[in-house]
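One file, final-v4.cif, is given below (mmCIF, C-alpha atoms).
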```
data_upload
loop_
_atom_site.group_PDB
_atom_site.id
_atom_site.type_symbol
_atom_site.label_atom_id
_atom_site.label_comp_id
_atom_site.auth_asym_id
_atom_site.auth_seq_id
_atom_site.Cartn_x
_atom_site.Cartn_y
_atom_site.Cartn_z
ATOM 1 C CA MET U 17 57.183 147.009 90.646
ATOM 2 C CA SER U 18 53.893 148.474 91.796
ATOM 3 C CA GLU U 19 53.543 150.350 95.046
ATOM 4 C CA VAL U 20 53.057 147.973 97.975
ATOM 5 C CA GLY U 21 49.423 147.956 99.048
ATOM 6 C CA ALA U 22 48.186 149.641 95.871
ATOM 7 C CA VAL U 23 45.274 147.810 94.250
ATOM 8 C CA GLU U 24 45.490 147.840 90.469
ATOM 9 C CA ARG U 25 42.258 147.376 88.553
ATOM 10 C CA SER U 26 41.391 147.250 84.884
ATOM 11 C CA ALA U 27 38.350 146.243 82.844
ATOM 12 C CA ASP U 28 40.848 144.305 80.716
ATOM 13 C CA TRP U 29 41.422 141.886 83.624
ATOM 14 C CA SER U 30 37.772 141.439 84.551
ATOM 15 C CA TRP U 31 36.485 137.958 85.469
ATOM 16 C CA PRO U 32 32.835 138.470 86.533
ATOM 17 C CA TRP U 33 32.106 134.814 87.366
ATOM 18 C CA TRP U 34 34.617 134.637 90.225
ATOM 19 C CA PRO U 35 31.882 133.995 92.877
ATOM 20 C CA LEU U 36 31.503 130.461 91.445
ATOM 21 C CA VAL U 37 34.999 129.683 92.763
ATOM 22 C CA PRO U 38 35.925 132.611 95.047
ATOM 23 C CA LEU U 39 39.701 132.513 94.822
ATOM 24 C CA TYR U 40 42.097 135.477 94.947
ATOM 25 C CA PRO U 41 42.447 137.721 92.941
ATOM 26 C CA TYR U 42 38.676 137.322 92.559
ATOM 27 C CA GLY U 43 37.315 139.534 89.763
ATOM 28 C CA GLN U 44 40.670 140.847 88.518
ATOM 29 C CA ARG U 45 42.910 138.314 86.769
ATOM 30 C CA ARG U 46 45.950 139.283 84.769
ATOM 31 C CA THR U 47 47.319 137.089 81.985
ATOM 32 C CA LEU U 48 50.879 136.577 80.791
ATOM 33 C CA ARG U 49 51.448 134.952 77.411
ATOM 34 C CA ARG U 50 54.802 133.414 76.575
ATOM 35 C CA GLU U 51 55.967 131.755 73.383
ATOM 36 C CA VAL U 52 57.863 128.651 74.495
ATOM 37 C CA ILE U 53 58.439 127.130 71.042
ATOM 38 C CA ALA U 54 58.496 129.562 68.128
ATOM 39 C CA ASN U 55 55.238 129.544 66.140
ATOM 40 C CA GLN U 56 54.105 126.303 67.803
ATOM 41 C CA VAL U 57 53.490 126.471 71.562
ATOM 42 C CA TRP U 58 52.373 129.304 73.852
ATOM 43 C CA THR U 59 51.559 129.394 77.568
ATOM 44 C CA PHE U 60 49.016 131.693 79.202
ATOM 45 C CA ASP U 61 49.529 132.131 82.943
ATOM 46 C CA GLN U 62 47.144 133.527 85.541
ATOM 47 C CA MET U 63 47.205 133.093 89.322
ATOM 48 C CA GLN U 64 44.762 132.104 92.042
ATOM 49 C CA GLY U 65 44.827 131.233 95.729
ATOM 50 C CA ILE U 66 43.404 131.421 99.249
ATOM 51 C CA LEU U 67 44.822 133.469 102.137
ATOM 52 C CA TYR U 68 47.287 134.925 99.619
ATOM 53 C CA VAL U 69 48.686 131.442 99.025
ATOM 54 C CA VAL U 70 48.794 132.190 95.295
ATOM 55 C CA VAL U 71 49.938 129.712 92.653
ATOM 56 C CA PRO U 72 50.044 129.955 88.868
ATOM 57 C CA ILE U 73 47.357 128.341 86.751
ATOM 58 C CA ARG U 74 48.301 127.706 83.128
ATOM 59 C CA MET U 75 46.647 127.284 79.742
ATOM 60 C CA THR U 76 48.643 126.022 76.765
ATOM 61 C CA VAL U 77 47.906 126.766 73.110
ATOM 62 C CA ILE U 78 49.225 124.540 70.314
ATOM 63 C CA ARG U 79 49.379 125.465 66.619
ATOM 64 C CA LEU U 80 48.075 122.556 64.585
ATOM 65 C CA ALA U 81 49.810 121.574 61.348
ATOM 66 C CA ALA U 82 46.359 121.080 59.827
ATOM 67 C CA GLY U 83 45.573 124.719 60.613
ATOM 68 C CA GLY U 84 44.120 126.446 63.617
ATOM 69 C CA LEU U 85 44.784 126.175 67.337
ATOM 70 C CA LEU U 86 44.203 123.702 70.156
ATOM 71 C CA VAL U 87 43.679 125.028 73.699
ATOM 72 C CA TYR U 88 44.630 122.784 76.628
ATOM 73 C CA ALA U 89 43.145 123.609 80.077
ATOM 74 C CA PRO U 90 41.553 127.059 79.609
ATOM 75 C CA VAL U 91 42.037 129.849 82.144
ATOM 76 C CA ALA U 92 39.646 132.721 82.906
ATOM 77 C CA PRO U 93 38.555 134.314 79.601
ATOM 78 C CA THR U 94 39.196 137.905 80.585
ATOM 79 C CA PRO U 95 39.246 140.530 77.805
ATOM 80 C CA GLU U 96 43.036 140.547 78.037
ATOM 81 C CA CYS U 97 43.276 136.764 77.733
ATOM 82 C CA ILE U 98 40.884 136.573 74.785
ATOM 83 C CA ARG U 99 42.670 139.422 73.004
ATOM 84 C CA LEU U 100 45.969 137.555 73.331
ATOM 85 C CA VAL U 101 44.368 134.422 71.846
ATOM 86 C CA HIS U 102 42.828 136.439 68.993
ATOM 87 C CA GLU U 103 46.314 137.712 68.168
ATOM 88 C CA LEU U 104 47.419 134.111 67.636
ATOM 89 C CA GLU U 105 44.302 133.367 65.600
ATOM 90 C CA ALA U 106 45.167 136.231 63.262
ATOM 91 C CA ASP U 107 48.453 134.496 62.423
ATOM 92 C CA HIS U 108 47.603 130.802 62.755
ATOM 93 C CA GLY U 109 43.855 130.303 62.297
ATOM 94 C CA ASP U 110 40.852 129.885 64.568
ATOM 95 C CA VAL U 111 40.688 127.963 67.837
ATOM 96 C CA ARG U 112 39.449 124.556 66.683
ATOM 97 C CA TYR U 113 39.604 122.461 69.845
ATOM 98 C CA ILE U 114 39.323 123.178 73.573
ATOM 99 C CA ILE U 115 40.462 120.439 75.963
ATOM 100 C CA LEU U 116 39.444 119.958 79.609
ATOM 101 C CA PRO U 117 42.073 117.436 80.763
ATOM 102 C CA THR U 118 41.125 117.104 84.457
ATOM 103 C CA VAL U 119 38.078 115.902 86.387
ATOM 104 C CA THR U 120 38.586 117.166 89.945
ATOM 105 C CA GLY U 121 36.668 120.011 91.555
ATOM 106 C CA LEU U 122 35.564 123.249 89.933
ATOM 107 C CA GLU U 123 38.739 125.318 89.781
ATOM 108 C CA HIS U 124 39.742 123.987 86.350
ATOM 109 C CA LYS U 125 36.437 123.323 84.623
ATOM 110 C CA VAL U 126 34.699 126.553 85.673
ATOM 111 C CA PHE U 127 36.562 128.400 82.908
ATOM 112 C CA VAL U 128 35.754 126.028 80.038
ATOM 113 C CA GLY U 129 32.146 127.027 79.349
ATOM 114 C CA PRO U 130 32.764 130.796 79.389
ATOM 115 C CA PHE U 131 35.955 130.315 77.353
ATOM 116 C CA ALA U 132 34.163 128.169 74.759
ATOM 117 C CA ARG U 133 31.479 130.824 74.282
ATOM 118 C CA LYS U 134 34.211 133.219 73.098
ATOM 119 C CA PHE U 135 35.089 130.743 70.314
ATOM 120 C CA PRO U 136 31.742 129.484 68.978
ATOM 121 C CA SER U 137 33.230 127.322 66.220
ATOM 122 C CA ALA U 138 35.547 125.371 68.558
ATOM 123 C CA GLN U 139 34.774 121.799 69.578
ATOM 124 C CA VAL U 140 35.150 121.016 73.287
ATOM 125 C CA TYR U 141 36.656 117.703 74.413
ATOM 126 C CA VAL U 142 36.359 116.651 78.042
ATOM 127 C CA ALA U 143 38.097 114.016 80.159
ATOM 128 C CA ARG U 144 35.764 111.297 81.396
ATOM 129 C CA HIS U 145 34.707 110.719 85.049
ATOM 130 C CA GLN U 146 33.812 114.390 85.620
ATOM 131 C CA TRP U 147 32.639 115.528 89.068
ATOM 132 C CA SER U 148 32.621 118.725 91.079
ATOM 133 C CA PHE U 149 32.720 119.758 94.748
ATOM 134 C CA PRO U 150 30.905 120.778 96.925
ATOM 135 C CA LEU U 151 28.022 120.107 94.509
ATOM 136 C CA ASN U 152 28.348 117.557 91.733
ATOM 137 C CA LEU U 153 26.973 119.715 88.925
ATOM 138 C CA PRO U 154 26.306 118.553 85.361
ATOM 139 C CA LEU U 155 28.532 120.116 82.740
ATOM 140 C CA SER U 156 25.588 121.908 81.132
ATOM 141 C CA TRP U 157 25.061 123.793 84.426
ATOM 142 C CA LEU U 158 28.649 125.020 84.171
ATOM 143 C CA GLY U 159 28.024 126.529 80.748
ATOM 144 C CA PHE U 160 29.526 123.818 78.557
ATOM 145 C CA PRO U 161 28.066 124.355 75.065
ATOM 146 C CA MET U 162 25.401 121.911 73.951
ATOM 147 C CA GLY U 163 26.048 120.144 70.661
ATOM 148 C CA ARG U 164 29.801 120.688 70.605
ATOM 149 C CA THR U 165 30.954 119.181 73.912
ATOM 150 C CA HIS U 166 32.297 115.629 73.595
ATOM 151 C CA TRP U 167 34.052 113.030 75.725
ATOM 152 C CA LEU U 168 37.660 112.475 74.746
ATOM 153 C CA PRO U 169 37.752 109.196 72.809
ATOM 154 C CA GLU U 170 39.304 106.302 74.705
ATOM 155 C CA ASN U 171 41.513 105.638 71.677
ATOM 156 C CA PRO U 172 43.605 108.763 70.908
ATOM 157 C CA ALA U 173 43.641 107.855 67.220
ATOM 158 C CA ASP U 174 39.866 108.441 67.146
ATOM 159 C CA ALA U 175 40.225 112.096 68.201
ATOM 160 C CA PRO U 176 40.065 114.598 65.308
ATOM 161 C CA PHE U 177 43.511 115.848 66.330
ATOM 162 C CA GLY U 178 44.870 112.345 66.939
ATOM 163 C CA ASP U 179 47.378 112.508 64.104
ATOM 164 C CA GLU U 180 49.156 115.407 65.865
ATOM 165 C CA LEU U 181 48.635 114.742 69.576
ATOM 166 C CA ASP U 182 48.809 111.485 71.462
ATOM 167 C CA TYR U 183 47.430 111.160 74.984
ATOM 168 C CA ARG U 184 47.111 108.840 77.943
ATOM 169 C CA VAL U 185 44.653 108.943 80.833
ATOM 170 C CA LEU U 186 46.161 108.928 84.334
ATOM 171 C CA GLY U 187 43.687 107.306 86.699
ATOM 172 C CA PRO U 188 40.954 107.303 87.749
ATOM 173 C CA VAL U 189 42.184 107.132 91.332
ATOM 174 C CA ASN U 190 39.559 107.131 94.075
ATOM 175 C CA LEU U 191 39.965 110.157 96.377
ATOM 176 C CA GLY U 192 36.927 109.390 98.526
ATOM 177 C CA ILE U 193 34.788 112.369 97.531
ATOM 178 C CA GLY U 194 35.491 111.731 93.855
ATOM 179 C CA PRO U 195 38.118 110.324 91.495
ATOM 180 C CA PHE U 196 41.354 111.908 90.320
ATOM 181 C CA SER U 197 41.979 111.567 86.624
ATOM 182 C CA GLU U 198 43.999 113.597 84.170
ATOM 183 C CA VAL U 199 44.752 113.452 80.468
ATOM 184 C CA ALA U 200 48.431 113.931 79.620
ATOM 185 C CA MET U 201 48.990 114.928 75.998
ATOM 186 C CA LEU U 202 52.066 114.746 73.791
ATOM 187 C CA HIS U 203 52.391 117.158 70.882
ATOM 188 C CA ARG U 204 54.481 115.098 68.512
ATOM 189 C CA ALA U 205 55.858 117.895 66.349
ATOM 190 C CA SER U 206 57.324 119.928 69.207
ATOM 191 C CA LYS U 207 57.822 116.972 71.608
ATOM 192 C CA THR U 208 55.874 118.949 74.233
ATOM 193 C CA LEU U 209 54.219 117.081 77.117
ATOM 194 C CA LEU U 210 51.072 118.754 78.445
ATOM 195 C CA VAL U 211 50.046 117.997 82.032
ATOM 196 C CA THR U 212 48.034 119.873 84.645
ATOM 197 C CA ASP U 213 48.444 118.614 88.218
ATOM 198 C CA SER U 214 50.466 115.429 87.770
ATOM 199 C CA VAL U 215 53.811 117.198 87.331
ATOM 200 C CA VAL U 216 54.632 120.429 89.156
ATOM 201 C CA SER U 217 57.697 122.659 88.858
ATOM 202 C CA ILE U 218 58.564 124.834 91.876
ATOM 203 C CA PRO U 219 61.223 127.452 91.084
ATOM 204 C CA ALA U 220 63.266 129.133 93.808
ATOM 205 C CA ASN U 221 62.103 132.579 92.646
ATOM 206 C CA PRO U 222 58.464 133.598 92.191
ATOM 207 C CA PRO U 223 57.154 133.060 88.647
ATOM 208 C CA PRO U 224 56.597 136.196 86.553
ATOM 209 C CA ILE U 225 52.783 136.040 86.816
ATOM 210 C CA VAL U 226 52.982 136.026 90.632
ATOM 211 C CA GLN U 227 55.395 138.967 90.604
ATOM 212 C CA LEU U 228 52.792 141.213 88.961
ATOM 213 C CA ASP U 229 51.094 141.468 92.373
ATOM 214 C CA SER U 230 53.647 141.726 95.171
ATOM 215 C CA TYR U 231 51.114 141.912 98.000
ATOM 216 C CA PRO U 232 50.704 138.126 98.530
ATOM 217 C CA LEU U 233 54.474 137.638 98.406
ATOM 218 C CA LEU U 234 55.139 140.326 101.005
ATOM 219 C CA PHE U 235 52.248 139.128 103.165
ATOM 220 C CA HIS U 236 53.920 135.737 103.485
ATOM 221 C CA ALA U 237 57.380 137.261 103.931
ATOM 222 C CA LYS U 238 56.281 138.510 107.355
ATOM 223 C CA ASP U 239 57.607 136.836 110.484
ATOM 224 C CA SER U 240 54.831 138.276 112.628
ATOM 225 C CA ALA U 241 51.666 140.329 112.284
ATOM 226 C CA ALA U 242 53.622 143.469 113.202
ATOM 227 C CA ASP U 243 56.070 143.086 110.307
ATOM 228 C CA ALA U 244 55.843 145.285 107.203
ATOM 229 C CA PRO U 245 58.439 143.878 104.760
ATOM 230 C CA THR U 246 59.789 146.206 102.125
ATOM 231 C CA ASP U 247 59.314 145.280 98.485
ATOM 232 C CA THR U 248 62.676 143.725 97.638
ATOM 233 C CA ALA U 249 63.661 140.741 95.533
ATOM 234 C CA GLU U 250 64.799 138.944 98.702
ATOM 235 C CA ASN U 251 61.443 139.416 100.446
ATOM 236 C CA ARG U 252 59.518 138.393 97.337
ATOM 237 C CA ARG U 253 61.597 135.207 97.181
ATOM 238 C CA LYS U 254 61.038 134.541 100.882
ATOM 239 C CA GLY U 255 57.284 134.976 100.554
ATOM 240 C CA TRP U 256 57.112 132.789 97.463
ATOM 241 C CA GLN U 257 59.048 129.923 99.017
ATOM 242 C CA ARG U 258 56.770 129.927 102.062
ATOM 243 C CA ILE U 259 53.724 130.014 99.779
ATOM 244 C CA ALA U 260 55.093 127.015 97.878
ATOM 245 C CA LEU U 261 55.647 125.029 101.091
ATOM 246 C CA PHE U 262 52.142 125.757 102.335
ATOM 247 C CA ALA U 263 50.467 125.185 98.956
ATOM 248 C CA PHE U 264 52.050 121.820 98.242
ATOM 249 C CA TYR U 265 52.325 120.326 101.741
ATOM 250 C CA PHE U 266 49.498 122.147 103.604
ATOM 251 C CA ARG U 267 51.211 121.364 106.924
ATOM 252 C CA PRO U 268 54.962 121.463 106.319
ATOM 253 C CA ASP U 269 57.102 120.561 109.310
ATOM 254 C CA ALA U 270 58.473 124.096 109.424
ATOM 255 C CA LEU U 271 55.008 125.612 109.995
ATOM 256 C CA LYS U 272 53.714 125.502 113.573
ATOM 257 C CA ASP U 273 50.048 125.083 114.423
ATOM 258 C CA PRO U 274 48.608 128.565 115.021
ATOM 259 C CA GLN U 275 47.694 129.516 118.577
ATOM 260 C CA TRP U 276 44.601 131.553 117.872
ATOM 261 C CA TRP U 277 44.650 133.500 121.125
ATOM 262 C CA ARG U 278 48.120 134.738 120.136
ATOM 263 C CA VAL U 279 47.038 135.409 116.538
ATOM 264 C CA LEU U 280 44.170 137.589 117.797
ATOM 265 C CA ARG U 281 46.378 139.400 120.286
ATOM 266 C CA GLU U 282 49.133 140.094 117.763
ATOM 267 C CA SER U 283 46.648 141.330 115.164
ATOM 268 C CA LYS U 284 46.232 144.463 117.298
ATOM 269 C CA GLN U 285 49.936 145.190 116.743
ATOM 270 C CA SER U 286 49.740 144.843 112.976
ATOM 271 C CA ALA U 287 50.998 147.700 110.842
ATOM 272 C CA ASP U 288 47.987 147.148 108.546
ATOM 273 C CA ARG U 289 44.582 146.267 109.998
ATOM 274 C CA SER U 290 42.647 146.843 106.790
ATOM 275 C CA LYS U 291 40.185 144.378 105.297
ATOM 276 C CA ARG U 292 42.744 143.555 102.629
ATOM 277 C CA ALA U 293 45.215 142.559 105.369
ATOM 278 C CA TYR U 294 42.580 140.373 107.067
ATOM 279 C CA PHE U 295 42.305 142.988 109.834
ATOM 280 C CA GLY U 296 45.836 142.213 110.979
ATOM 281 C CA LEU U 297 45.360 138.463 111.360
ATOM 282 C CA TYR U 298 48.462 136.472 110.445
ATOM 283 C CA PRO U 299 47.976 132.760 111.303
ATOM 284 C CA PHE U 300 51.420 131.625 110.133
ATOM 285 C CA ASP U 301 54.166 130.788 112.608
ATOM 286 C CA TRP U 302 57.304 129.530 110.878
ATOM 287 C CA GLU U 303 60.256 127.770 112.460
ATOM 288 C CA PRO U 304 63.509 129.761 112.170
ATOM 289 C CA THR U 305 64.884 126.917 110.024
ATOM 290 C CA TRP U 306 61.955 126.940 107.529
ATOM 291 C CA GLN U 307 64.365 127.649 104.633
ATOM 292 C CA ARG U 308 65.801 124.146 104.946
ATOM 293 C CA SER U 309 62.346 122.680 104.198
ATOM 294 C CA PHE U 310 62.201 124.484 100.872
ATOM 295 C CA ASP U 311 65.807 123.647 99.982
#
```

Target encoding structure tokens, full file:
Amino acid sequence: MSEVGAVERSADWSWPWWPLVPLYPYGQRRTLRREVIANQVWTFDQMQGILYVVVPIRMTVIRLAAGGLLVYAPVAPTPECIRLVHELEADHGDVRYIILPTVTGLEHKVFVGPFARKFPSAQVYVARHQWSFPLNLPLSWLGFPMGRTHWLPENPADAPFGDELDYRVLGPVNLGIGPFSEVAMLHRASKTLLVTDSVVSIPANPPPIVQLDSYPLLFHAKDSAADAPTDTAENRRKGWQRIALFAFYFRPDALKDPQWWRVLRESKQSADRSKRAYFGLYPFDWEPTWQRSFD
């Protein structure tokens, strides 16, 4: 565990295009690779969030029987991330296909163009009904490569990888500002279902990628601005469970509406009034029984 409050930095974690979608941890994104099915399926986890409400974001890599790799939902192509993919290429062949399975917002698609440029021979396949917020930008403006970016065929059998992966389109569902749609894929050989936002797993303990940076977890473990929780497994769990409630419900019943006059007053009593700590501001007021909401 790193020292609480210490800011770790490395050129290996650099993501220079973070201003396009300014989410924490901004220009420094770590990547964890995990082999979930031997020699067939790997996950690559990073994290992102607002107000230290950090959640994992995942890319999945599939080894194709025909040779090479398929990438589902790319994450930020940091040097570390690309190195980890190159290690798989050395054993299993080049990245052949890159899939963008979602249509909503920018937080998923912003990585696809930069990621695709790292693998110039890969073909990019994109879910239909694309849009972005706050500006509805064309894919070419987001760096999607010309000449090798294609819509996913409506019939999965028409996709060049259709003999190994089946898929169905969920939606489109009108959200008002734009549609929700997602492509769920099934890798037949490993019986692995690939989804992005349609199915979410929320563990009781913080995922490994979130544990690499304890600051967000301890920030949300506080009961008041004056608190300075120690870095323990219990406090990390407490912070994570509150993050999960806020991230997935936005206004859970256990979270009171902030009284801003009190937030400003209590910020003066904070143990940390640095910029990183939002100058002592802590706009979260949890009911004593908040744990029941997570359970």

Can you list, as a list of chain:residue names, every protein, DNA or RNA residue that comes within 6 Å of stretch 170-185 of chain U when you count only C-alpha atoms, leaving out same-chain residues fewer than 2 positions away? U:Glu198, U:Val199, U:Ala200, U:Met201, U:Leu202, U:His203, U:Arg204

Using the chain letters and numbers from this file, what does the PyMOL selection byres ((chain U and resi 64) around 10) select? Give the answer as a PDB file with C-alpha atoms, in the frame of the given file.
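Listing of result_23.pdb after writing:
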```pdb
ATOM      1  CA  PRO U  38      35.925 132.611  95.047  1.00  0.00           C
ATOM      2  CA  LEU U  39      39.701 132.513  94.822  1.00  0.00           C
ATOM      3  CA  TYR U  40      42.097 135.477  94.947  1.00  0.00           C
ATOM      4  CA  PRO U  41      42.447 137.721  92.941  1.00  0.00           C
ATOM      5  CA  TYR U  42      38.676 137.322  92.559  1.00  0.00           C
ATOM      6  CA  ARG U  45      42.910 138.314  86.769  1.00  0.00           C
ATOM      7  CA  GLN U  62      47.144 133.527  85.541  1.00  0.00           C
ATOM      8  CA  MET U  63      47.205 133.093  89.322  1.00  0.00           C
ATOM      9  CA  GLY U  65      44.827 131.233  95.729  1.00  0.00           C
ATOM     10  CA  ILE U  66      43.404 131.421  99.249  1.00  0.00           C
ATOM     11  CA  TYR U  68      47.287 134.925  99.619  1.00  0.00           C
ATOM     12  CA  VAL U  69      48.686 131.442  99.025  1.00  0.00           C
ATOM     13  CA  VAL U  70      48.794 132.190  95.295  1.00  0.00           C
ATOM     14  CA  VAL U  71      49.938 129.712  92.653  1.00  0.00           C
ATOM     15  CA  PRO U  72      50.044 129.955  88.868  1.00  0.00           C
ATOM     16  CA  ILE U  73      47.357 128.341  86.751  1.00  0.00           C
ATOM     17  CA  GLU U 123      38.739 125.318  89.781  1.00  0.00           C
ATOM     18  CA  VAL U 226      52.982 136.026  90.632  1.00  0.00           C
TER      19      VAL U 226
END
```

Using all atoms listed in the file, which of the listed residues (U:Ala220, U:Val279, U:Ile193, U:Leu271) sits closest to U:Arg252? U:Ala220

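Note that the spacing between atom CA of U:Leu80 and atom CA of U:Ser156 amounts to 27.9 Å.
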
List the residues selected by the PyMOL selection byres ((chain U and resi 52-54) around 10) in the file shown, writing them as a JSON list (two decimals) with C-alpha atoms, in the coordinates of the input.
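What landed in expr-v5.json:
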```json
[["chain", "number", "residue", "atom", "x", "y", "z"],
["U", 49, "ARG", "CA", 51.45, 134.95, 77.41],
["U", 50, "ARG", "CA", 54.80, 133.41, 76.58],
["U", 51, "GLU", "CA", 55.97, 131.76, 73.38],
["U", 55, "ASN", "CA", 55.24, 129.54, 66.14],
["U", 56, "GLN", "CA", 54.10, 126.30, 67.80],
["U", 57, "VAL", "CA", 53.49, 126.47, 71.56],
["U", 58, "TRP", "CA", 52.37, 129.30, 73.85],
["U", 59, "THR", "CA", 51.56, 129.39, 77.57],
["U", 76, "THR", "CA", 48.64, 126.02, 76.76],
["U", 78, "ILE", "CA", 49.22, 124.54, 70.31],
["U", 206, "SER", "CA", 57.32, 119.93, 69.21],
["U", 208, "THR", "CA", 55.87, 118.95, 74.23]]
```

Near-U:Leu297 list (12 Å; only C-alpha atoms; drop same-chain fewer than 6 positions) as a compact mmCIF listing (two decimals) with C-alpha atoms, keeping the file's coordinate frame:
```txt
# COMPACT_ATOMS: atom_id res chain seq x y z
CA LEU U 67 44.82 133.47 102.14
CA PHE U 235 52.25 139.13 103.16
CA HIS U 236 53.92 135.74 103.48
CA LYS U 238 56.28 138.51 107.36
CA SER U 240 54.83 138.28 112.63
CA ALA U 241 51.67 140.33 112.28
CA ALA U 242 53.62 143.47 113.20
CA ASP U 243 56.07 143.09 110.31
CA PRO U 274 48.61 128.56 115.02
CA GLN U 275 47.69 129.52 118.58
CA TRP U 276 44.60 131.55 117.87
CA TRP U 277 44.65 133.50 121.12
CA ARG U 278 48.12 134.74 120.14
CA VAL U 279 47.04 135.41 116.54
CA LEU U 280 44.17 137.59 117.80
CA ARG U 281 46.38 139.40 120.29
CA GLU U 282 49.13 140.09 117.76
CA SER U 283 46.65 141.33 115.16
CA LYS U 284 46.23 144.46 117.30
CA GLN U 285 49.94 145.19 116.74
CA SER U 286 49.74 144.84 112.98
CA ALA U 287 51.00 147.70 110.84
CA ASP U 288 47.99 147.15 108.55
CA ARG U 289 44.58 146.27 110.00
CA SER U 290 42.65 146.84 106.79
CA LYS U 291 40.18 144.38 105.30
```

Atomic distance atom CA of U:Trp306 - atom CA of U:Leu261, expressed in Å with one decimal: 9.2 Å

Between atom CA of U:Glu24 and atom CA of U:Arg133 - distance in Å to one decimal: 27.3 Å

Write out as a ChimeraX atom specification which residues come within 7 Å of U:Gly255 when counting only C-alpha atoms, dropping same-chain ones fewer than 2 positions away. /U:233-234,236-237,251-253,257-259

Expand the PyMOL selection byres ((chain U and resi 303) around 8) into the explicit residue set it covers here, and present it as a ChimeraX atom specification. /U:270-272,301-302,304-306

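The nearest approach to U:Asp239 among the residues U:Pro299, U:Leu168, U:Ser217, U:Asp28, with all atoms listed in the file taken into account, belongs to U:Pro299.
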
Set up a box along x, y and z of the file covering all listed atoms of stretch 228-232 of chain U, add 4 Å on every one of the six sides, and write the centre and edge lengths in Å to one decimal, as AutoDock Vina command-line options.
```
--center_x 52.2 --center_y 140.0 --center_z 93.7 --size_x 10.9 --size_y 11.8 --size_z 17.6
```

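Distances to U:Leu104 were evaluated for U:Ile225, U:Ser230, U:Phe60, U:Leu116 using all atoms listed in the file, and the minimum falls at U:Phe60.
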
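The shortest atom-to-atom distance to U:Phe131, with only C-alpha atoms taken into account, belongs to U:Pro95 out of U:Pro195, U:Pro95, U:Pro268, U:Pro117.
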
Looking at U:Gly109, U:Leu191, U:Arg99, U:Val87, which one is nearest to U:Tyr141, with distances taken over all atoms listed in the file? U:Val87

10 Å contact set for U:Arg25, all atoms listed in the file, chain neighbours under 5 positions out, as a ChimeraX atom specification: /U:30,43-46

Pick out the closest residue to U:Ala82 from this set: U:Ala143, U:Ala260, U:Val119, U:Val111. Count all atoms listed in the file. U:Val111
